[in-house]
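To start, the structure under review is shown below, and the notes come after it.
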Amino acid sequence: MRALFPGSFDPVTQGHQDVLRRAALLFDEVVVCVMFNSNKTGRFSIPERLDRLRAAAAGLSNVTVDSHTGGLLVDYCRRVGIDVAIRGVRHVHDLDHEIPMARMNRELAGLETLFIPADPALAHVSSTLVTGMSRLGRVPDGPVSGLLPAGGGSSESA
């Protein structure tokens with residue numbers, strides 16, 4: 001069975017990497033896919049995000065990396081034959097946002113959503129917070145450096 005782990009991944013965090021590793025244990029193949037999010041201003045180019053995802057997925061032989069920035073998640077899933085989306089959730093606020101989307105994806109395309117709860121040690125990590133900290137100059141040896149996967153790009157560019 002194949003699953004899609006979609007996100008903006010701007011930047012990829014240890015939280016993303018943890019969800020990806022855990023999803024890879026559950027499915028025959030996981031496609032981690034950079035998607036466009038109109039509510040976010042991208043800081044890194046799509047090729048940079050793809051490179052960081054490849055580094056975060058190193059050693060996971062059943063994980064592939066892709067991007068889809070020109071349509072809905074369900075469009076991508078229909079095109080590549082995926083029936084399950086993976087979503088990491090850190091707290092109840094994530095569920096408030098994710099459940100309506102999961103219901104809509106199921107209604108539109110029969111796409112099921114599997115929620116993977118964040119590791120408690122990483123539940124505070126978000127791309128938005130990492131980006132905000134880096135903009136305040138909290139790198140390379142500050143709090144942000146430990147939130148990014150090893151090999152996923154220097155924390156200076158987070």
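FYI, nothing fancy with the structure tokens labels: chains A, B, ... in order, residues from 1 per chain, ligands from 1 as they appear.
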
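Around A:Met1, within 7 Å and counting only C-alpha atoms, the residues found are A:Phe27, A:Asp28, A:Glu29, once anything fewer than 4 positions away on its own chain is removed.
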
### Contacts of A:Gly88 at 7 Å (only C-alpha atoms; same-chain gap of 3+ positions) as a list in words
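Using only C-alpha atoms, the neighbours found are Val19, Phe115, Ile116, Pro117 and Ala118 of chain A.
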
Using only C-alpha atoms, which residues sit within 9 Å of A:His16 once same-chain residues fewer than 2 positions away are excluded, as a PDB file with N, CA, C and O atoms, in the first residue's frame?
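Now in out.pdb:
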```pdb
ATOM      1  N   PHE A   9       6.827  21.937   3.849  1.00  0.00           N
ATOM      2  CA  PHE A   9       8.198  21.592   4.227  1.00  0.00           C
ATOM      3  C   PHE A   9       9.154  22.769   4.033  1.00  0.00           C
ATOM      4  O   PHE A   9      10.185  22.652   3.387  1.00  0.00           O
ATOM      5  N   VAL A  12      12.097  21.720   6.235  1.00  0.00           N
ATOM      6  CA  VAL A  12      11.900  20.385   6.789  1.00  0.00           C
ATOM      7  C   VAL A  12      12.430  20.402   8.222  1.00  0.00           C
ATOM      8  O   VAL A  12      13.519  20.909   8.470  1.00  0.00           O
ATOM      9  N   THR A  13      11.653  19.855   9.151  1.00  0.00           N
ATOM     10  CA  THR A  13      12.065  19.830  10.557  1.00  0.00           C
ATOM     11  C   THR A  13      12.255  18.390  11.032  1.00  0.00           C
ATOM     12  O   THR A  13      11.877  17.439  10.340  1.00  0.00           O
ATOM     13  N   GLN A  14      12.784  18.255  12.229  1.00  0.00           N
ATOM     14  CA  GLN A  14      12.894  16.921  12.830  1.00  0.00           C
ATOM     15  C   GLN A  14      11.512  16.316  13.058  1.00  0.00           C
ATOM     16  O   GLN A  14      11.350  15.097  13.017  1.00  0.00           O
ATOM     17  N   ASP A  18      10.480  12.684  11.746  1.00  0.00           N
ATOM     18  CA  ASP A  18       9.940  11.662  12.635  1.00  0.00           C
ATOM     19  C   ASP A  18       8.660  11.057  12.070  1.00  0.00           C
ATOM     20  O   ASP A  18       8.496   9.832  12.036  1.00  0.00           O
ATOM     21  N   VAL A  19       7.734  11.891  11.610  1.00  0.00           N
ATOM     22  CA  VAL A  19       6.488  11.391  11.020  1.00  0.00           C
ATOM     23  C   VAL A  19       6.798  10.555   9.778  1.00  0.00           C
ATOM     24  O   VAL A  19       6.217   9.488   9.578  1.00  0.00           O
ATOM     25  N   LEU A  20       7.735  11.014   8.969  1.00  0.00           N
ATOM     26  CA  LEU A  20       8.107  10.273   7.759  1.00  0.00           C
ATOM     27  C   LEU A  20       8.672   8.899   8.097  1.00  0.00           C
ATOM     28  O   LEU A  20       8.276   7.884   7.493  1.00  0.00           O
ATOM     29  N   ARG A  21       9.555   8.833   9.070  1.00  0.00           N
ATOM     30  CA  ARG A  21      10.127   7.538   9.485  1.00  0.00           C
ATOM     31  C   ARG A  21       9.046   6.583   9.977  1.00  0.00           C
ATOM     32  O   ARG A  21       9.043   5.403   9.651  1.00  0.00           O
ATOM     33  N   ALA A  56      16.541  14.175   4.560  1.00  0.00           N
ATOM     34  CA  ALA A  56      15.782  13.717   5.728  1.00  0.00           C
ATOM     35  C   ALA A  56      15.320  12.271   5.555  1.00  0.00           C
ATOM     36  O   ALA A  56      15.136  11.556   6.539  1.00  0.00           O
ATOM     37  N   GLY A  88       0.851  14.628  10.082  1.00  0.00           N
ATOM     38  CA  GLY A  88       1.351  14.700  11.449  1.00  0.00           C
ATOM     39  C   GLY A  88       0.541  15.727  12.214  1.00  0.00           C
ATOM     40  O   GLY A  88       0.189  16.778  11.670  1.00  0.00           O
ATOM     41  N   ALA A 118       2.457  13.622  16.904  1.00  0.00           N
ATOM     42  CA  ALA A 118       3.863  14.005  17.069  1.00  0.00           C
ATOM     43  C   ALA A 118       4.474  13.321  18.269  1.00  0.00           C
ATOM     44  O   ALA A 118       3.807  13.091  19.292  1.00  0.00           O
ATOM     45  N   SER A 126       7.607  23.478  14.703  1.00  0.00           N
ATOM     46  CA  SER A 126       6.873  23.775  13.477  1.00  0.00           C
ATOM     47  C   SER A 126       7.782  24.562  12.545  1.00  0.00           C
ATOM     48  O   SER A 126       8.671  25.282  12.996  1.00  0.00           O
ATOM     49  N   PRO A 149      16.726  18.365  10.659  1.00  0.00           N
ATOM     50  CA  PRO A 149      17.387  17.082  10.483  1.00  0.00           C
ATOM     51  C   PRO A 149      18.846  17.262  10.090  1.00  0.00           C
ATOM     52  O   PRO A 149      19.193  18.209   9.386  1.00  0.00           O
TER      53      PRO A 149
END
```

### Message
Give me, as a ChimeraX atom specification, all polymer residues having an atom no more than 12 Å from A:Ala109, counting only C-alpha atoms and skipping those fewer than 3 positions away in the same chain.
### Response
/A:72-79,81-85,101-106,112-113

### Query
Closest to A:Arg52 among A:Gly71, A:Ser8, A:Arg90, A:Leu114, using only C-alpha atoms?
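Comparing A:Gly71, A:Ser8, A:Arg90, A:Leu114 against A:Arg52, the winner is A:Ser8.
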
### Atom-to-atom span, atom CA of A:Gln17 and atom CA of A:Val92, Å
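So the answer is 20.5 Å.
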